[in-house]
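**Student:** Sharing a structure, written as structure tokens. Questions coming.
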Amino acid sequence: MKTKFTILLFLLLSFQIGKSQFTVNLVNISICFGAEIQFLYSSNTPAISWQWDFGDGNTSTLENPTHLYNSPGTYIVTLIASNGIDTDDDVSTIVVYPTPIVDFIYNISGDTVQFIDQTPGGIAQWSWNLGNGTTSNYPNPVTTYPYPPDSCYKVILNIQNFYGCIDTLSKTICIDSTISINEVEKKSISIYPSPIINNQKLIVKGNINGLGNIIGYDVLGNLISLPIISKNENEIIFETNQLDKGVYFLQLHFDDKTVVTKKVVVQ
């Protein structure tokens with residue numbers, strides 16, 4: 001989200017006694033990428049024209065222009081100002097620091113989840129809201145989520161890098177305990193791998209005699225397509241390359257009304 005950062009570039013203009021000297025002085029500043037800068041002309045000596053060069057190929061003749069840099073880097077800003085009699089110019093250095101691009105993955109084991117920060121670059125501070133009333137400042141926290149089953153939680157990670165620039169990412173995770181141990185043992189069913197990495201095939205293996213419908217859906221309840229590559233009395237193999245990263249559920253409906261539900265994570 002674009003933010004607005006107001007910079008008061010003090011343009012110190014003065015008339016010296018007995019002279020008509022017009023003086024412009026700029027100051028150097030540093031900001032984070034994505035912040036819109038507003039340059040404010042401020043002086044007790046009025047000017048009637050301004051020529052700004054922002055150092056990235058863009059210019060302005062406004063008194064108080066705004067500008068957004070398209071990439072991190074160092075830029076030399078030049079202002080030429082005139083009071084109608086005299087003209088002066090000065091330069092300043094604008095340093096635009098990179099903003100972190102937040103990402104994280106997680107591993108679920110029962111009701112326990114380990115989160116692993118995947119944000120590149122030098123990170124100075126982590127701030128997790130794990131969605132269950134727990135917070136953490138560690139890069140890879142572990143927490144336990146309460147039952148009842150099929151509960152979903154919104155997890156938020158705020159990152160600050162060594163430049164003081166911040167970014168935020170939220171993900172919804174669902175803790176699935178809908179698979180009855182008795183059902184799994186009765187059917188001797190295993191579903192793997194989870195997480196799925198690099199378009200691995202999803203395999204359902206076990207006693208699948210009497211298996212009727214197979215339904216896949218995402219955490220929002222939207223149905224998903226899981227093309228079957230092969231199927232026999234003991235194993236079904238599904239294609240997964242059409243799935244985006246996220247959390248999905250696979251329901252196996254048997255003729256005896258047994259329903260086995262399994263969560264599948266795609267990374």
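FYI, nothing fancy with the structure tokens labels: chains A, B, ... in order, residues from 1 per chain, ligands from 1 as they appear.
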Env of Gln200 (chain A): 10 Å cut, atoms = only C-alpha atoms, seq-sep filter 4 positions within chain, self excluded. Answer as an MDAnalysis selection string.
**Tutor:** chainID A and resid 192:196 238:241 266
**Student:** Any chance you could export the current selection's C-alpha atoms as a PDB file, in the first residue's frame?
**Tutor:**
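New file result.pdb:
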ATOM      1  CA  TYR A 192       0.689 -38.052   1.120  1.00  0.00           C
ATOM      2  CA  PRO A 193       2.823 -36.028   0.656  1.00  0.00           C
ATOM      3  CA  SER A 194       1.857 -32.957   2.646  1.00  0.00           C
ATOM      4  CA  PRO A 195       3.255 -30.441   2.133  1.00  0.00           C
ATOM      5  CA  ILE A 196       3.382 -30.867  -1.626  1.00  0.00           C
ATOM      6  CA  PHE A 238      -3.765 -37.100  -8.441  1.00  0.00           C
ATOM      7  CA  GLU A 239      -2.158 -34.306 -10.469  1.00  0.00           C
ATOM      8  CA  THR A 240      -1.417 -31.158  -8.413  1.00  0.00           C
ATOM      9  CA  ASN A 241       0.313 -28.752 -10.811  1.00  0.00           C
ATOM     10  CA  VAL A 266       0.880 -26.985  -1.191  1.00  0.00           C
TER      11      VAL A 266
END
**Student:** Write out as a VMD selection string all residues of region 10-196 of chain A that backbone DSSP assigns to alpha helix (DSSP H).
**Tutor:** chain A and resid 181 to 187
**Student:** Return the single residue from A:Ile48, A:Val24, A:Ile156, A:Val264 that is closest to Ser92 (chain A), with distances computed using only C-alpha atoms.
**Tutor:**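 Smallest separation from Ser92 (chain A) among the options: A:Val24.
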**Student:** Given only C-alpha atoms as the basis, pick out the residue of A:Gln251, A:Thr93, A:Asn232, A:Thr134 nearest to Phe54 (chain A).
**Tutor:**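 The closest residue to Phe54 (chain A) is A:Thr93.
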**Student:** Kindly indicate which residue among A:Ser230, A:Gln118, A:Thr45, A:Asn209 lies nearest to Ala81 (chain A), using only C-alpha atoms for the distances.
**Tutor:**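 Distance minimum relative to Ala81 (chain A) lands on A:Thr45.
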